[in-house]
file entry.csv (CSV, C-alpha atoms and all ligand atoms)
chain,number,residue,atom,x,y,z
A,1,MET,CA,121.1,132.3,117.9
A,2,SER,CA,120.2,128.9,119.3
A,3,LYS,CA,119.6,126.0,117.0
A,4,ILE,CA,116.0,125.2,116.1
A,5,ILE,CA,114.3,122.2,117.6
A,6,ILE,CA,111.9,120.5,115.1
A,7,SER,CA,109.1,118.6,116.9
A,8,CYS,CA,107.0,116.3,114.8
A,9,ALA,CA,103.5,115.4,116.0
A,10,VAL,CA,103.0,112.1,114.1
A,11,THR,CA,99.3,111.3,114.3
A,12,GLY,CA,97.3,113.1,117.1
A,13,ALA,CA,93.6,112.8,117.8
A,14,VAL,CA,92.1,115.4,115.6
A,15,HIS,CA,92.3,114.0,112.0
A,16,THR,CA,90.5,110.8,111.0
A,17,PRO,CA,91.5,108.1,108.5
A,18,THR,CA,89.1,109.2,105.8
A,19,MET,CA,91.0,112.6,105.6
A,20,SER,CA,94.2,111.1,104.4
A,21,PRO,CA,95.5,107.6,103.4
A,22,HIS,CA,98.9,108.8,104.8
A,23,LEU,CA,97.7,109.4,108.4
A,24,PRO,CA,99.6,106.7,110.4
A,25,VAL,CA,97.1,104.5,112.4
A,26,THR,CA,98.6,101.1,113.3
A,27,PRO,CA,101.6,100.7,115.6
A,28,ASP,CA,103.7,99.7,112.5
A,29,GLU,CA,102.7,102.8,110.6
A,30,ILE,CA,103.2,105.1,113.6
A,31,ALA,CA,106.7,103.6,114.3
A,32,ALA,CA,107.7,103.7,110.7
A,33,GLN,CA,106.6,107.4,110.2
A,34,ALA,CA,108.1,108.5,113.5
A,35,ILE,CA,111.5,106.9,112.7
A,36,GLU,CA,111.5,108.4,109.2
A,37,ALA,CA,110.6,111.9,110.7
A,38,ALA,CA,113.5,111.6,113.1
A,39,GLU,CA,115.9,110.6,110.3
A,40,ALA,CA,114.7,113.7,108.4
A,41,GLY,CA,115.6,115.9,111.3
A,42,ALA,CA,112.9,115.9,113.9
A,43,ALA,CA,114.6,116.0,117.4
A,44,VAL,CA,111.3,115.5,119.3
A,45,LEU,CA,108.5,113.1,118.4
A,46,HIS,CA,105.1,113.9,119.9
A,47,LEU,CA,103.0,110.7,120.0
A,48,HIS,CA,99.4,109.6,120.4
A,49,ALA,CA,98.0,106.1,119.7
A,50,ARG,CA,95.1,104.8,117.7
A,51,ASP,CA,93.0,101.7,117.6
A,52,PRO,CA,94.8,99.7,114.9
A,53,ALA,CA,91.4,98.4,113.4
A,54,THR,CA,89.5,101.7,113.3
A,55,GLY,CA,92.0,104.5,113.6
A,56,LYS,CA,90.1,105.9,116.5
A,57,PRO,CA,92.4,107.7,119.1
A,58,THR,CA,93.0,105.3,122.1
A,59,PRO,CA,94.6,105.9,125.5
A,60,ASP,CA,95.5,102.2,125.8
A,61,PRO,CA,99.1,101.9,127.1
A,62,ASN,CA,99.4,98.4,125.5
A,63,VAL,CA,99.0,100.0,122.1
A,64,PHE,CA,101.6,102.7,122.9
A,65,MET,CA,103.9,99.9,124.0
A,66,GLN,CA,103.7,98.4,120.5
A,67,PHE,CA,105.5,101.3,119.0
A,68,LEU,CA,107.5,103.2,121.7
A,69,PRO,CA,110.3,100.6,122.1
A,70,ARG,CA,110.7,100.4,118.4
A,71,ILE,CA,111.1,104.1,118.0
A,72,LYS,CA,113.5,104.3,120.9
A,73,GLN,CA,115.6,101.6,119.5
A,74,ALA,CA,115.8,103.1,116.0
A,75,THR,CA,116.4,106.8,116.9
A,76,ASP,CA,117.9,109.1,119.5
A,77,ALA,CA,114.9,111.5,119.2
A,78,VAL,CA,113.2,112.7,122.4
A,79,ILE,CA,109.9,110.9,122.9
A,80,ASN,CA,107.1,113.1,124.0
A,81,ILE,CA,103.8,111.4,124.9
A,82,THR,CA,100.5,113.2,124.9
A,83,THR,CA,98.6,113.8,128.2
A,84,GLY,CA,95.8,115.6,126.2
A,85,GLY,CA,94.8,112.3,124.7
A,86,GLY,CA,91.6,112.8,122.8
A,87,GLN,CA,87.9,113.6,123.1
A,88,GLY,CA,86.0,111.5,125.7
A,89,MET,CA,89.1,110.4,127.6
A,90,SER,CA,89.2,110.7,131.4
A,91,MET,CA,92.3,112.1,133.2
A,92,ASP,CA,93.2,108.6,134.4
A,93,GLU,CA,93.0,107.4,130.8
A,94,ARG,CA,95.0,110.3,129.6
A,95,LEU,CA,97.8,109.5,132.1
A,96,ALA,CA,97.8,105.7,131.6
A,97,ALA,CA,100.3,105.6,128.8
A,98,PRO,CA,102.7,108.3,130.0
A,99,GLU,CA,102.7,106.8,133.5
A,100,ARG,CA,103.5,103.4,132.1
A,101,ALA,CA,106.2,104.7,129.8
A,102,SER,CA,107.8,107.4,132.0
A,103,PRO,CA,108.9,109.6,129.1
A,104,GLU,CA,111.4,112.4,129.1
A,105,LEU,CA,108.8,114.8,127.8
A,106,ALA,CA,105.0,114.9,127.8
A,107,SER,CA,102.4,117.5,126.6
A,108,LEU,CA,100.6,119.6,129.3
A,109,ASN,CA,97.6,121.6,128.1
A,110,MET,CA,97.3,124.9,130.0
A,111,GLY,CA,93.6,125.5,129.9
A,112,SER,CA,90.1,124.3,129.2
A,113,MET,CA,88.5,125.1,125.9
A,114,ASN,CA,85.7,124.1,123.6
A,115,PHE,CA,87.9,122.3,121.0
A,116,GLY,CA,86.1,122.6,117.8
A,117,MET,CA,86.7,120.0,115.1
A,118,TYR,CA,83.2,120.0,113.6
A,119,PRO,CA,83.9,122.4,110.7
A,120,MET,CA,85.9,119.5,109.1
A,121,LEU,CA,82.6,117.6,108.7
A,122,GLY,CA,81.5,119.6,105.8
A,123,ARG,CA,84.6,118.7,103.7
A,124,TYR,CA,83.8,115.0,103.3
A,125,GLN,CA,80.8,113.3,101.7
A,126,SER,CA,81.2,110.0,103.6
A,127,PHE,CA,83.5,108.4,106.1
A,128,GLN,CA,85.3,105.0,106.2
A,129,HIS,CA,84.5,104.3,109.9
A,130,ASP,CA,81.3,104.9,112.0
A,131,TRP,CA,83.1,106.8,114.7
A,132,GLU,CA,84.6,109.6,112.5
A,133,ALA,CA,81.5,111.8,111.8
A,134,ALA,CA,80.4,111.4,115.4
A,135,HIS,CA,83.8,112.4,116.7
A,136,LEU,CA,83.8,115.6,114.6
A,137,GLU,CA,80.2,116.4,115.4
A,138,SER,CA,80.4,115.9,119.1
A,139,SER,CA,83.3,118.4,119.4
A,140,ARG,CA,80.7,121.1,119.0
A,141,ASP,CA,79.9,120.4,122.7
A,142,TRP,CA,83.3,119.1,123.8
A,143,ILE,CA,85.1,120.9,126.6
A,144,PHE,CA,88.7,119.8,126.5
A,145,ARG,CA,89.1,119.8,130.2
A,146,ASN,CA,92.3,121.1,131.8
A,147,THR,CA,91.4,122.7,135.1
A,148,PHE,CA,94.0,123.9,137.6
A,149,LYS,CA,93.4,120.7,139.5
A,150,ASP,CA,94.0,118.6,136.4
A,151,ILE,CA,97.2,120.5,135.7
A,152,GLU,CA,98.3,120.0,139.3
A,153,ALA,CA,97.6,116.3,139.1
A,154,ILE,CA,99.7,115.9,135.9
A,155,LEU,CA,102.6,117.9,137.4
A,156,GLU,CA,102.4,115.8,140.6
A,157,ARG,CA,101.9,112.3,139.0
A,158,LEU,CA,104.1,112.6,135.9
A,159,GLY,CA,106.4,115.6,136.7
A,160,LYS,CA,107.2,114.8,140.3
A,161,GLY,CA,106.4,111.1,140.1
A,162,HIS,CA,108.4,110.3,137.0
A,163,GLY,CA,110.8,113.2,136.4
A,164,THR,CA,109.0,113.9,133.1
A,165,ARG,CA,109.4,117.5,131.7
A,166,PHE,CA,106.7,119.2,129.7
A,167,GLU,CA,105.7,120.7,126.4
A,168,PHE,CA,103.3,123.4,127.7
A,169,GLU,CA,100.5,123.7,125.1
A,170,CYS,CA,99.2,127.3,125.0
A,171,TYR,CA,96.2,127.9,122.8
A,172,ASP,CA,95.6,131.4,124.0
A,173,THR,CA,97.3,134.3,125.8
A,174,SER,CA,95.5,133.3,129.0
A,175,HIS,CA,97.3,130.0,129.0
A,176,LEU,CA,100.6,131.8,129.3
A,177,TYR,CA,99.3,133.5,132.4
A,178,THR,CA,98.2,130.1,133.8
A,179,LEU,CA,101.7,128.8,133.2
A,180,ALA,CA,103.2,131.9,134.9
A,181,HIS,CA,100.9,131.1,137.9
A,182,PHE,CA,102.4,127.6,138.1
A,183,LEU,CA,105.9,129.1,137.8
A,184,ASP,CA,105.1,131.5,140.7
A,185,ARG,CA,104.1,128.5,142.8
A,186,LYS,CA,107.3,126.8,141.7
A,187,LEU,CA,105.4,123.8,140.4
A,188,VAL,CA,107.1,124.0,137.0
A,189,THR,CA,110.8,124.4,136.4
A,190,PRO,CA,112.6,126.5,133.8
A,191,PRO,CA,113.5,126.4,131.0
A,192,LEU,CA,109.8,126.1,130.1
A,193,PHE,CA,109.1,124.6,126.7
A,194,VAL,CA,106.2,126.8,125.6
A,195,GLN,CA,104.3,125.6,122.5
A,196,SER,CA,102.1,128.4,121.1
A,197,ILE,CA,99.3,127.0,119.1
A,198,PHE,CA,97.4,128.9,116.5
A,199,GLY,CA,94.3,128.2,114.4
A,200,ILE,CA,92.4,125.7,116.6
A,201,LEU,CA,88.7,126.7,116.7
A,202,GLY,CA,88.1,127.7,120.3
A,203,GLY,CA,91.7,129.0,120.7
A,204,GLN,CA,93.7,132.0,119.3
A,205,GLY,CA,93.4,132.4,115.6
A,206,ALA,CA,96.2,132.1,113.1
A,207,ASP,CA,96.9,135.9,112.8
A,208,THR,CA,100.4,137.3,112.7
A,209,GLU,CA,99.4,139.8,115.4
A,210,ASN,CA,98.6,136.9,117.8
A,211,LEU,CA,102.0,135.3,117.1
A,212,LEU,CA,103.9,138.5,117.9
A,213,HIS,CA,101.6,139.1,120.9
A,214,ALA,CA,102.3,135.6,122.3
A,215,LYS,CA,106.0,136.3,122.1
A,216,ARG,CA,105.7,139.7,123.7
A,217,ILE,CA,103.7,138.3,126.6
A,218,ALA,CA,105.9,135.2,127.0
A,219,ASP,CA,109.0,137.5,127.1
A,220,LYS,CA,107.3,139.6,129.7
A,221,LEU,CA,106.2,136.7,131.9
A,222,PHE,CA,109.1,134.4,131.5
A,223,GLY,CA,112.1,136.4,130.4
A,224,ASP,CA,115.0,134.0,129.8
A,225,ASP,CA,113.1,131.2,131.5
A,226,TYR,CA,111.4,129.8,128.4
A,227,ARG,CA,112.1,128.1,125.1
A,228,TRP,CA,109.4,129.0,122.6
A,229,SER,CA,107.9,126.8,119.9
A,230,VAL,CA,105.2,127.5,117.4
A,231,MET,CA,102.7,125.2,115.7
A,232,ALA,CA,99.6,126.1,113.6
A,233,SER,CA,96.8,124.0,112.2
A,234,GLY,CA,96.0,123.2,108.6
A,235,ARG,CA,97.2,125.6,105.9
A,236,HIS,CA,98.7,127.9,108.5
A,237,GLN,CA,101.3,125.3,109.6
A,238,MET,CA,104.2,126.2,107.3
A,239,PRO,CA,103.7,130.0,107.2
A,240,PHE,CA,103.4,130.2,111.0
A,241,THR,CA,106.2,127.9,111.9
A,242,THR,CA,108.4,129.9,109.5
A,243,MET,CA,107.3,133.2,111.0
A,244,GLY,CA,107.9,131.8,114.5
A,245,ALA,CA,111.4,130.6,113.6
A,246,ILE,CA,112.3,133.9,112.2
A,247,ASN,CA,111.2,135.4,115.5
A,248,GLY,CA,113.3,133.0,117.5
A,249,ALA,CA,110.9,130.0,118.0
A,250,ASN,CA,111.4,126.3,117.6
A,251,VAL,CA,108.9,124.7,115.4
A,252,ARG,CA,106.4,121.8,115.4
A,253,VAL,CA,105.1,120.1,112.3
A,254,GLY,CA,103.4,116.7,111.7
A,255,LEU,CA,100.2,115.2,110.5
A,256,GLU,CA,98.6,115.8,113.9
A,257,ASP,CA,98.6,119.5,113.1
A,258,SER,CA,98.2,119.5,109.3
A,259,LEU,CA,97.6,116.8,106.6
A,260,PHE,CA,99.1,119.0,103.9
A,261,ALA,CA,102.5,119.7,102.3
A,262,GLY,CA,101.3,122.4,99.9
A,263,ARG,CA,98.1,124.0,98.7
A,264,GLY,CA,95.6,121.2,98.3
A,265,ARG,CA,98.4,118.6,98.3
A,266,LEU,CA,98.3,115.9,101.0
A,267,ALA,CA,101.6,115.2,102.7
A,268,THR,CA,102.6,111.6,102.0
A,269,SER,CA,104.4,111.3,105.3
A,270,ASN,CA,105.4,113.2,108.5
A,271,ALA,CA,109.0,113.2,107.2
A,272,GLU,CA,107.9,115.2,104.1
A,273,GLN,CA,106.8,118.0,106.4
A,274,VAL,CA,110.0,117.8,108.4
A,275,ARG,CA,112.0,118.1,105.1
A,276,LEU,CA,109.7,120.9,103.9
A,277,ILE,CA,110.3,123.1,107.0
A,278,ARG,CA,114.0,122.4,106.9
A,279,SER,CA,114.1,123.4,103.2
A,280,ILE,CA,112.6,126.8,104.3
A,281,LEU,CA,114.7,127.4,107.4
A,282,GLU,CA,118.2,126.2,106.3
A,283,PRO,CA,118.5,128.7,103.4
A,284,LEU,CA,117.7,131.4,106.0
A,285,SER,CA,120.8,130.2,108.0
A,286,LEU,CA,118.6,128.8,110.7
A,287,GLU,CA,120.3,125.7,112.0
A,288,ILE,CA,118.5,122.5,113.1
A,289,ALA,CA,119.1,121.0,116.5
A,290,THR,CA,120.1,117.4,116.9
A,291,PRO,CA,118.3,115.4,119.7
A,292,ALA,CA,121.3,115.8,122.0
A,293,GLU,CA,121.2,119.6,121.4
A,294,ALA,CA,117.4,119.6,122.0
A,295,ARG,CA,118.0,117.8,125.3
A,296,GLU,CA,120.5,120.5,126.3
A,297,ILE,CA,118.2,123.4,125.2
A,298,LEU,CA,115.2,121.9,127.0
A,299,ALA,CA,117.2,120.7,130.1
A,300,LEU,CA,116.0,117.1,129.6
A,301,LYS,CA,117.6,114.3,131.5
A,302,GLY,CA,118.3,111.9,128.6
A,303,GLY,CA,116.4,108.8,127.8
A,304,ASP,CA,117.9,106.5,130.5
A,305,ASN,CA,114.9,106.5,132.8
A,306,VAL,CA,112.2,105.8,130.3
A,307,ALA,CA,110.3,102.6,130.9
A,308,PHE,CA,110.2,101.2,127.4
B,401,LIG,N1,96.5,118.6,119.0
B,401,LIG,C1,97.2,119.8,119.3
B,401,LIG,C2,96.4,121.0,118.9
B,401,LIG,C3,98.2,117.1,123.3
B,401,LIG,O1,98.5,116.1,122.7
B,401,LIG,O2,98.2,117.1,124.6
B,401,LIG,C4,97.7,119.9,120.7
B,401,LIG,C5,98.2,118.7,121.3
B,401,LIG,C6,97.7,118.4,122.7
B,401,LIG,O3,99.1,118.0,120.8
B,402,ZN,ZN,99.0,115.9,120.6

call {"tool": "encode", "arguments": {"input": "entry.csv", "output": "structure tokens"}}
result
Amino acid sequence: MSKIIISCAVTGAVHTPTMSPHLPVTPDEIAAQAIEAAEAGAAVLHLHARDPATGKPTPDPNVFMQFLPRIKQATDAVINITTGGGQGMSMDERLAAPERASPELASLNMGSMNFGMYPMLGRYQSFQHDWEAAHLESSRDWIFRNTFKDIEAILERLGKGHGTRFEFECYDTSHLYTLAHFLDRKLVTPPLFVQSIFGILGGQGADTENLLHAKRIADKLFGDDYRWSVMASGRHQMPFTTMGAINGANVRVGLEDSLFAGRGRLATSNAEQVRLIRSILEPLSLEIATPAEAREILALKGGDNVAF
């Protein structure tokens, strides 16, 4: 059995500062938590940026550049930059940081969906910053746009233009078929790093049947041409990543996906979640991949060409 790649998604664009004092927001916090997660065993670091003053997700490459070089200098981890960005960002904005940084790996979302974050509104009486409630509320009407043309543009500009490979974000069975369509057109190159996502409102639910179905369909569409990974939101994070790993998947954890490290207990850092998933997987004789092993498993080129 191949070793398991732990990806850690450090801050994302879903949660807001009011939800956890441990959510990294400033470049210093993002760098420190990313480095600690890599030291704990994350081979891949999936990164977004936030406005240091307000914690609002930002596509500004200058903010990314305040933490990317520090992380690269301190760790050997594979740096994976979002192309999904966050609510309200145009495709040019979403591509600005990865085009500046030329990373080994970037996310690529495989379909459009109404990405619902508004149910989280009801859990908080008040918010620290003005933007937070509006951000959650407006997701009721937010189409996270990833058309075929958008996907083609990212493959062309980042894949062809920079040699970046992709974490293919699949929130639904249909997204696997879209990825197969791009494979048929030879616009994506195996081994495909397929991230199956469960529990986002608007995508497939966190039900075991969906996890097994995703694997069956991916096996059918891609055979040996894919490397599977599983992530799930909120309380489903640890059960689903564990089930995924038992079924041959790599895993993604991190505060982008869940703020918790136990029932009702906030994770105090990203590294805590990395240590937690390791403490579950290692006693099951599932071995954890180093960054070098992750590069081999995902056919990455190494960090030499990155522009930071
Ligand atoms: N926030 C996750 C559900 C991206 O950054 O492109 C998916 C994600 C998307 O990480
Ligand atoms: Zn992300």

call {"tool": "residues_near_point", "arguments": {"input": "entry.csv", "point": "(119.6, 114.2, 120.1)", "cutoff": "10 Å", "atoms": "all atoms listed in the file", "output": "list in words"}}
result
Ile5, Ala38, Gly41, Ala42, Ala43, Val44, Thr75, Asp76, Ala77, Val78, Ala289, Thr290, Pro291, Ala292, Glu293, Ala294, Arg295, Glu296, Gly302 and Gly303 of chain A

call {"tool": "residues_around", "arguments": {"input": "entry.csv", "residues": "His15 of chain A", "least_positions_apart": "3", "cutoff": "9 Å", "atoms": "only C-alpha atoms", "output": "PyMOL selection string"}}
result
chain A and resi 11-12+18-20+23+117+120+132+255-259

call {"tool": "write_last_selection", "arguments": {"input": "entry.csv", "atoms": "C-alpha atoms", "output": "mmCIF file, in the coordinates of the input"}}
result
data_model
loop_
_atom_site.group_PDB
_atom_site.id
_atom_site.type_symbol
_atom_site.label_atom_id
_atom_site.label_comp_id
_atom_site.auth_asym_id
_atom_site.auth_seq_id
_atom_site.Cartn_x
_atom_site.Cartn_y
_atom_site.Cartn_z
ATOM 1 C CA THR A 11 99.300 111.300 114.300
ATOM 2 C CA GLY A 12 97.300 113.100 117.100
ATOM 3 C CA THR A 18 89.100 109.200 105.800
ATOM 4 C CA MET A 19 91.000 112.600 105.600
ATOM 5 C CA SER A 20 94.200 111.100 104.400
ATOM 6 C CA LEU A 23 97.700 109.400 108.400
ATOM 7 C CA MET A 117 86.700 120.000 115.100
ATOM 8 C CA MET A 120 85.900 119.500 109.100
ATOM 9 C CA GLU A 132 84.600 109.600 112.500
ATOM 10 C CA LEU A 255 100.200 115.200 110.500
ATOM 11 C CA GLU A 256 98.600 115.800 113.900
ATOM 12 C CA ASP A 257 98.600 119.500 113.100
ATOM 13 C CA SER A 258 98.200 119.500 109.300
ATOM 14 C CA LEU A 259 97.600 116.800 106.600
#

call {"tool": "residues_around", "arguments": {"input": "entry.csv", "residues": "segment 135-140 of chain A", "least_positions_apart": "4", "cutoff": "8 Å", "atoms": "only C-alpha atoms", "output": "ChimeraX atom specification"}}
result
/A:87,114-121,131

call {"tool": "residues_around", "arguments": {"input": "entry.csv", "residues": "Ile200 of chain A", "least_positions_apart": "4", "cutoff": "7 Å", "atoms": "all atoms listed in the file", "output": "PDB file with C-alpha atoms, in the frame of the given file"}}
result
ATOM      1  CA  GLN A 204      93.700 132.000 119.300  1.00  0.00           C
ATOM      2  CA  GLY A 205      93.400 132.400 115.600  1.00  0.00           C
ATOM      3  CA  SER A 233      96.800 124.000 112.200  1.00  0.00           C
TER       4      SER A 233
END

call {"tool": "closest_residue", "arguments": {"input": "entry.csv", "among": "A:Met231, A:Leu284, A:Val251, A:Ile6", "to": "ligand ZN 402 (chain B)", "atoms": "only C-alpha atoms and all ligand atoms"}}
result
A:Met231

call {"tool": "residues_near_point", "arguments": {"input": "entry.csv", "point": "(98.2, 104.6, 109.0)", "cutoff": "12 Å", "atoms": "all atoms listed in the file", "output": "JSON, numbers by chain"}}
result
{"A": [10, 11, 12, 15, 16, 17, 18, 19, 20, 21, 22, 23, 24, 25, 26, 27, 28, 29, 30, 31, 32, 33, 34, 49, 50, 51, 52, 53, 54, 55, 56, 255, 268, 269, 270]}

call {"tool": "write_last_selection", "arguments": {"input": "entry.csv", "atoms": "C-alpha atoms", "output": "PDB file, in the frame of the given file"}}
result
ATOM      1  CA  VAL A  10     103.000 112.100 114.100  1.00  0.00           C
ATOM      2  CA  THR A  11      99.300 111.300 114.300  1.00  0.00           C
ATOM      3  CA  GLY A  12      97.300 113.100 117.100  1.00  0.00           C
ATOM      4  CA  HIS A  15      92.300 114.000 112.000  1.00  0.00           C
ATOM      5  CA  THR A  16      90.500 110.800 111.000  1.00  0.00           C
ATOM      6  CA  PRO A  17      91.500 108.100 108.500  1.00  0.00           C
ATOM      7  CA  THR A  18      89.100 109.200 105.800  1.00  0.00           C
ATOM      8  CA  MET A  19      91.000 112.600 105.600  1.00  0.00           C
ATOM      9  CA  SER A  20      94.200 111.100 104.400  1.00  0.00           C
ATOM     10  CA  PRO A  21      95.500 107.600 103.400  1.00  0.00           C
ATOM     11  CA  HIS A  22      98.900 108.800 104.800  1.00  0.00           C
ATOM     12  CA  LEU A  23      97.700 109.400 108.400  1.00  0.00           C
ATOM     13  CA  PRO A  24      99.600 106.700 110.400  1.00  0.00           C
ATOM     14  CA  VAL A  25      97.100 104.500 112.400  1.00  0.00           C
ATOM     15  CA  THR A  26      98.600 101.100 113.300  1.00  0.00           C
ATOM     16  CA  PRO A  27     101.600 100.700 115.600  1.00  0.00           C
ATOM     17  CA  ASP A  28     103.700  99.700 112.500  1.00  0.00           C
ATOM     18  CA  GLU A  29     102.700 102.800 110.600  1.00  0.00           C
ATOM     19  CA  ILE A  30     103.200 105.100 113.600  1.00  0.00           C
ATOM     20  CA  ALA A  31     106.700 103.600 114.300  1.00  0.00           C
ATOM     21  CA  ALA A  32     107.700 103.700 110.700  1.00  0.00           C
ATOM     22  CA  GLN A  33     106.600 107.400 110.200  1.00  0.00           C
ATOM     23  CA  ALA A  34     108.100 108.500 113.500  1.00  0.00           C
ATOM     24  CA  ALA A  49      98.000 106.100 119.700  1.00  0.00           C
ATOM     25  CA  ARG A  50      95.100 104.800 117.700  1.00  0.00           C
ATOM     26  CA  ASP A  51      93.000 101.700 117.600  1.00  0.00           C
ATOM     27  CA  PRO A  52      94.800  99.700 114.900  1.00  0.00           C
ATOM     28  CA  ALA A  53      91.400  98.400 113.400  1.00  0.00           C
ATOM     29  CA  THR A  54      89.500 101.700 113.300  1.00  0.00           C
ATOM     30  CA  GLY A  55      92.000 104.500 113.600  1.00  0.00           C
ATOM     31  CA  LYS A  56      90.100 105.900 116.500  1.00  0.00           C
ATOM     32  CA  LEU A 255     100.200 115.200 110.500  1.00  0.00           C
ATOM     33  CA  THR A 268     102.600 111.600 102.000  1.00  0.00           C
ATOM     34  CA  SER A 269     104.400 111.300 105.300  1.00  0.00           C
ATOM     35  CA  ASN A 270     105.400 113.200 108.500  1.00  0.00           C
TER      36      ASN A 270
END

call {"tool": "residues_near_ligand", "arguments": {"input": "entry.csv", "ligand": "ligand ZN 402 (chain B)", "cutoff": "8 Å", "atoms": "all atoms listed in the file", "output": "compact mmCIF listing (two decimals) with C-alpha atoms, keeping the file's coordinate frame"}}
result
# COMPACT_ATOMS: atom_id res chain seq x y z
CA ALA A 9 103.50 115.40 116.00
CA THR A 11 99.30 111.30 114.30
CA GLY A 12 97.30 113.10 117.10
CA ALA A 13 93.60 112.80 117.80
CA HIS A 46 105.10 113.90 119.90
CA LEU A 47 103.00 110.70 120.00
CA HIS A 48 99.40 109.60 120.40
CA ILE A 81 103.80 111.40 124.90
CA THR A 82 100.50 113.20 124.90
CA THR A 83 98.60 113.80 128.20
CA GLY A 84 95.80 115.60 126.20
CA GLY A 85 94.80 112.30 124.70
CA SER A 107 102.40 117.50 126.60
CA GLU A 256 98.60 115.80 113.90

call {"tool": "atom_distance", "arguments": {"input": "entry.csv", "atom1": "atom CA of Leu211 of chain A", "atom2": "atom CA of Met238 of chain A"}}
result
13.6 Å

call {"tool": "decode", "arguments": {"input": "entry.csv", "residues": "segment 68-86 of chain A", "atoms": "N, CA and C atoms", "output": "PDB file, in the first residue's frame"}}
result
ATOM      1  N   LEU A  68       4.582  33.086   1.538  1.00  0.00           N
ATOM      2  CA  LEU A  68       5.077  31.943   0.745  1.00  0.00           C
ATOM      3  C   LEU A  68       6.596  31.718   0.879  1.00  0.00           C
ATOM      4  N   PRO A  69       7.428  32.769   0.721  1.00  0.00           N
ATOM      5  CA  PRO A  69       8.874  32.507   0.804  1.00  0.00           C
ATOM      6  C   PRO A  69       9.296  31.983   2.174  1.00  0.00           C
ATOM      7  N   ARG A  70       8.603  32.459   3.212  1.00  0.00           N
ATOM      8  CA  ARG A  70       8.978  32.009   4.572  1.00  0.00           C
ATOM      9  C   ARG A  70       8.666  30.536   4.750  1.00  0.00           C
ATOM     10  N   ILE A  71       7.538  30.109   4.202  1.00  0.00           N
ATOM     11  CA  ILE A  71       7.165  28.691   4.334  1.00  0.00           C
ATOM     12  C   ILE A  71       8.137  27.839   3.520  1.00  0.00           C
ATOM     13  N   LYS A  72       8.454  28.318   2.320  1.00  0.00           N
ATOM     14  CA  LYS A  72       9.360  27.549   1.457  1.00  0.00           C
ATOM     15  C   LYS A  72      10.734  27.403   2.116  1.00  0.00           C
ATOM     16  N   GLN A  73      11.195  28.476   2.733  1.00  0.00           N
ATOM     17  CA  GLN A  73      12.511  28.440   3.350  1.00  0.00           C
ATOM     18  C   GLN A  73      12.560  27.487   4.550  1.00  0.00           C
ATOM     19  N   ALA A  74      11.450  27.398   5.268  1.00  0.00           N
ATOM     20  CA  ALA A  74      11.453  26.638   6.525  1.00  0.00           C
ATOM     21  C   ALA A  74      11.063  25.174   6.367  1.00  0.00           C
ATOM     22  N   THR A  75      10.443  24.801   5.230  1.00  0.00           N
ATOM     23  CA  THR A  75       9.968  23.420   5.091  1.00  0.00           C
ATOM     24  C   THR A  75      10.259  22.923   3.675  1.00  0.00           C
ATOM     25  N   ASP A  76      10.129  21.597   3.536  1.00  0.00           N
ATOM     26  CA  ASP A  76      10.260  20.995   2.205  1.00  0.00           C
ATOM     27  C   ASP A  76       8.864  20.676   1.645  1.00  0.00           C
ATOM     28  N   ALA A  77       7.818  21.083   2.349  1.00  0.00           N
ATOM     29  CA  ALA A  77       6.448  20.701   1.952  1.00  0.00           C
ATOM     30  C   ALA A  77       6.101  21.255   0.572  1.00  0.00           C
ATOM     31  N   VAL A  78       5.222  20.545  -0.101  1.00  0.00           N
ATOM     32  CA  VAL A  78       4.700  20.992  -1.395  1.00  0.00           C
ATOM     33  C   VAL A  78       3.726  22.140  -1.139  1.00  0.00           C
ATOM     34  N   ILE A  79       3.943  23.257  -1.811  1.00  0.00           N
ATOM     35  CA  ILE A  79       3.041  24.391  -1.621  1.00  0.00           C
ATOM     36  C   ILE A  79       1.988  24.393  -2.727  1.00  0.00           C
ATOM     37  N   ASN A  80       0.744  24.425  -2.281  1.00  0.00           N
ATOM     38  CA  ASN A  80      -0.435  24.296  -3.146  1.00  0.00           C
ATOM     39  C   ASN A  80      -1.254  25.566  -2.954  1.00  0.00           C
ATOM     40  N   ILE A  81      -1.381  26.346  -4.015  1.00  0.00           N
ATOM     41  CA  ILE A  81      -2.104  27.621  -3.891  1.00  0.00           C
ATOM     42  C   ILE A  81      -3.505  27.481  -4.475  1.00  0.00           C
ATOM     43  N   THR A  82      -4.464  28.070  -3.805  1.00  0.00           N
ATOM     44  CA  THR A  82      -5.848  28.024  -4.276  1.00  0.00           C
ATOM     45  C   THR A  82      -6.009  28.756  -5.606  1.00  0.00           C
ATOM     46  N   THR A  83      -6.855  28.198  -6.480  1.00  0.00           N
ATOM     47  CA  THR A  83      -7.372  28.992  -7.608  1.00  0.00           C
ATOM     48  C   THR A  83      -8.874  29.217  -7.421  1.00  0.00           C
ATOM     49  N   GLY A  84      -9.411  28.629  -6.346  1.00  0.00           N
ATOM     50  CA  GLY A  84     -10.834  28.850  -6.050  1.00  0.00           C
ATOM     51  C   GLY A  84     -11.040  30.210  -5.413  1.00  0.00           C
ATOM     52  N   GLY A  85     -10.020  30.665  -4.700  1.00  0.00           N
ATOM     53  CA  GLY A  85     -10.078  31.975  -4.047  1.00  0.00           C
ATOM     54  C   GLY A  85     -11.183  32.046  -3.033  1.00  0.00           C
ATOM     55  N   GLY A  86     -12.123  32.941  -3.242  1.00  0.00           N
ATOM     56  CA  GLY A  86     -13.231  33.094  -2.299  1.00  0.00           C
ATOM     57  C   GLY A  86     -14.362  33.833  -2.975  1.00  0.00           C
TER      58      GLY A  86
END
